[in-house]
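A short write-up of the structure that comes next.
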Amino acid sequence: MLDYASLAAVAAVAREGSFEKAAMALGVTPSAVSQRVKGLEERLGAILLTRGAPCRPTGIGAKLCAHVEQVRLLEGEVVHDLPGLAAERPGATTVRVAVNADSVSTWFPRAAAQFAAETGAMLDLVMEDEAHTAERLRTGEVLAAVTADPAPVPGCKIYSLGAIDYVATASPGFMHQSFPDGVDAASLQGAPMLRFDRRDELQARWAREAWKTPISPPVHWTPSTQGMLDMTLAGLGWSMTPLTLATPHLVAGRLVELPPHRSISVALYWQRTRLAARLLDRLTDCVRSISARELATAGNKR
């Protein structure tokens, strides 16, 4: 049988990133956490955590952490149905979800708030690019994910959510300075642009679709949706902005849309483990209902 106290220690280190933070979360000493992890590794004959800053689970460690999270979710529901165990409840159940930054800055908070209000559960959001959130689900690090990957993760259910529409925007001052003769394929090569991180290809995709050209201009790296919008408003460069965030600034004249005024869309999906858990079912219902109201139909272009 598995030693769940030791498994909880491994999962806490993987989640918190260090033995010290895991000890604080579990209410024990760092030495106790270290002993539990070491004892389990010796018993299983496998390394479960790579020690570093932060600590990370190995392949087998990630599988065990996923198992622990699922057991904790199911245990919380069992305890909820047994009033006699009320005194032993460890507190609100937490559901770990991978989600992209643009969803967190637009529609996802409404789904999260509805879920929390209806269930009293907590959310532990793992921020990741939408093209890579499914990998967090694949490794078992999270129980559900908002993803741009349409391929179902083994053992998971998948639902289409709709799409986030993006427009290429810049401040009027930046447009005057960087595109004095208008926007074209040549001028895009020299005009500074903003990118979220090295995996953000939205700007390059827009240039290909709108101007049929690859681009490699100077880049300001801005790993924050709101930060990128603020930097665009300040005139540091042009960027791809979620249409819902750009619209009030476009209407007020604080931003302008780059010709040829072509939007692009990123289709999103909700993937969740097939684990039969009411909290996951309710979270799925909230995500699907809010996204149906707030996201565009996948594939729309203006």
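Each chain in the structure tokens gets a letter, A, B, ..., in the order shown, and its residues are numbered from 1; ligands are numbered from 1 in order too.
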- Task: Mind checking which residues fall within 12 Å of segment 285-294 of chain A, counting only C-alpha atoms, ignoring those fewer than 4 positions away in the same chain, and posting them as a PyMOL selection string?
- Result: chain A and resi 97+99+103-104+106-119+144-146+158-165+243-244+267-272+278-281+298
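Counting only C-alpha atoms, Gln226 of chain A has the following residues at most 10 Å away, ignoring those fewer than 5 positions along the same chain: Ala101, Asp102, Ser105, Met231, Thr232, Thr241 and Leu245 of chain A.
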- Query: With only C-alpha atoms as the atoms that count, which of A:Val219, A:Ala296, A:Phe174, A:Ala62 lies nearest to Thr139 of chain A?
  - Reply: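 Among A:Val219, A:Ala296, A:Phe174, A:Ala62, it is A:Ala62 that comes nearest to Thr139 of chain A.
Nearest to Leu73 of chain A of all the residues A:Gly227, A:Arg56, A:Pro150, A:Val95 is A:Val95, based on only C-alpha atoms.
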- Provide the atom CA of Ser34 of chain A to atom CA of Ala12 of chain A distance in Å, to one decimal place. 11.3 Å
- Message: From a backbone DSSP assignment, name each residue in segment 158-252 of chain A labelled helix (DSSP H, G or I), as a ChimeraX atom specification.
- Response: /A:172-178,185-190,202-211,225-233,243-252
- Note on the structure: Nearest to Met228 of chain A, restricted to only C-alpha atoms and choosing among A:Ala191, A:Ala170, A:Glu16, A:Ala207, comes out as A:Ala170
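Counting only C-alpha atoms, Ala246 of chain A has the following residues at most 9 Å away, ignoring those fewer than 2 positions along the same chain: Tyr166, Val167, Thr169, Leu229, Thr241, Pro242, Leu243, Thr244, Pro248, His249, Leu250, Val251 and Leu255 of chain A.
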Serialized selection, N, CA and C atoms, as a PDB file, in the first residue's frame:
```pdb
ATOM      1  N   TYR A 166      -8.172  38.545 -31.478  1.00  0.00           N
ATOM      2  CA  TYR A 166      -7.077  39.488 -31.242  1.00  0.00           C
ATOM      3  C   TYR A 166      -6.991  40.485 -32.389  1.00  0.00           C
ATOM      4  N   VAL A 167      -6.624  41.727 -32.053  1.00  0.00           N
ATOM      5  CA  VAL A 167      -6.388  42.752 -33.066  1.00  0.00           C
ATOM      6  C   VAL A 167      -4.998  43.343 -32.854  1.00  0.00           C
ATOM      7  N   THR A 169      -2.674  46.315 -32.441  1.00  0.00           N
ATOM      8  CA  THR A 169      -2.918  47.673 -31.965  1.00  0.00           C
ATOM      9  C   THR A 169      -1.616  48.403 -31.655  1.00  0.00           C
ATOM     10  N   LEU A 229      -0.670  45.416 -22.570  1.00  0.00           N
ATOM     11  CA  LEU A 229      -1.621  46.460 -22.943  1.00  0.00           C
ATOM     12  C   LEU A 229      -1.124  47.830 -22.474  1.00  0.00           C
ATOM     13  N   THR A 241      -3.696  42.361 -29.171  1.00  0.00           N
ATOM     14  CA  THR A 241      -4.462  42.585 -27.948  1.00  0.00           C
ATOM     15  C   THR A 241      -5.807  41.880 -28.053  1.00  0.00           C
ATOM     16  N   PRO A 242      -6.240  41.161 -27.002  1.00  0.00           N
ATOM     17  CA  PRO A 242      -7.591  40.603 -27.029  1.00  0.00           C
ATOM     18  C   PRO A 242      -8.607  41.699 -27.344  1.00  0.00           C
ATOM     19  N   LEU A 243      -9.502  41.420 -28.280  1.00  0.00           N
ATOM     20  CA  LEU A 243     -10.444  42.437 -28.749  1.00  0.00           C
ATOM     21  C   LEU A 243     -11.260  43.031 -27.613  1.00  0.00           C
ATOM     22  N   THR A 244     -11.654  42.199 -26.641  1.00  0.00           N
ATOM     23  CA  THR A 244     -12.471  42.710 -25.542  1.00  0.00           C
ATOM     24  C   THR A 244     -11.708  43.744 -24.711  1.00  0.00           C
ATOM     25  N   PRO A 248     -12.474  49.320 -25.699  1.00  0.00           N
ATOM     26  CA  PRO A 248     -12.682  50.654 -25.095  1.00  0.00           C
ATOM     27  C   PRO A 248     -11.566  51.636 -25.437  1.00  0.00           C
ATOM     28  N   HIS A 249     -10.346  51.147 -25.594  1.00  0.00           N
ATOM     29  CA  HIS A 249      -9.229  52.030 -25.945  1.00  0.00           C
ATOM     30  C   HIS A 249      -9.301  52.451 -27.412  1.00  0.00           C
ATOM     31  N   LEU A 250      -9.777  51.561 -28.283  1.00  0.00           N
ATOM     32  CA  LEU A 250      -9.958  51.916 -29.687  1.00  0.00           C
ATOM     33  C   LEU A 250     -11.059  52.963 -29.832  1.00  0.00           C
ATOM     34  N   VAL A 251     -12.145  52.777 -29.104  1.00  0.00           N
ATOM     35  CA  VAL A 251     -13.262  53.722 -29.162  1.00  0.00           C
ATOM     36  C   VAL A 251     -12.832  55.097 -28.655  1.00  0.00           C
ATOM     37  N   LEU A 255      -5.866  53.844 -28.582  1.00  0.00           N
ATOM     38  CA  LEU A 255      -5.215  52.873 -29.446  1.00  0.00           C
ATOM     39  C   LEU A 255      -5.809  52.969 -30.838  1.00  0.00           C
TER      40      LEU A 255
END
```
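Shortest separation to Asp3 of chain A among A:Pro214, A:Gly39, A:Gly17, A:Gly190 occurs at residue A:Gly39, atoms counted being only C-alpha atoms.
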- Those in segment 70-158 of chain A with strand (DSSP E) from DSSP, as a PyMOL selection string: chain A and resi 94-99+122-127+144-147+156-158
Can you pull out every residue within 8 Å of Ala98 of chain A, counting only C-alpha atoms, but drop anything in the same chain fewer than 3 positions away, and send it as an mmCIF file with C-alpha atoms, in the first residue's frame?
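Okay, this is what ended up in around-v1.cif:
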```cif
data_model
loop_
_atom_site.group_PDB
_atom_site.id
_atom_site.type_symbol
_atom_site.label_atom_id
_atom_site.label_comp_id
_atom_site.auth_asym_id
_atom_site.auth_seq_id
_atom_site.Cartn_x
_atom_site.Cartn_y
_atom_site.Cartn_z
ATOM 1 C CA LEU A 125 -4.214 28.384 -11.188
ATOM 2 C CA VAL A 126 -1.088 27.356 -13.068
ATOM 3 C CA MET A 127 -0.323 30.046 -15.644
ATOM 4 C CA GLU A 128 0.892 28.747 -18.990
ATOM 5 C CA THR A 133 -1.434 24.028 -20.915
ATOM 6 C CA ALA A 134 -2.436 20.561 -22.131
ATOM 7 C CA ARG A 136 0.407 20.239 -17.619
ATOM 8 C CA LEU A 137 -2.692 18.041 -17.791
ATOM 9 C CA VAL A 142 -3.393 19.751 -12.972
ATOM 10 C CA ALA A 144 -8.175 20.499 -15.906
ATOM 11 C CA ALA A 145 -6.890 23.037 -18.418
ATOM 12 C CA VAL A 146 -7.931 25.796 -20.787
#
```
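Taking atom CA of Ser224 of chain A and atom CA of Val13 of chain A as the two end points, the separation is 26.4 Å.
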- Item | One-decimal distance in Å that lies between atom CA of Asn100 of chain A and atom CA of Thr222 of chain A |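 Distance reported for this atom pair: 14.6 Å.
Using only C-alpha atoms for every distance, the candidate list A:Phe196, A:Ala234, A:Asp129, A:His220 yields A:Asp129 as the residue closest to Val266 of chain A.
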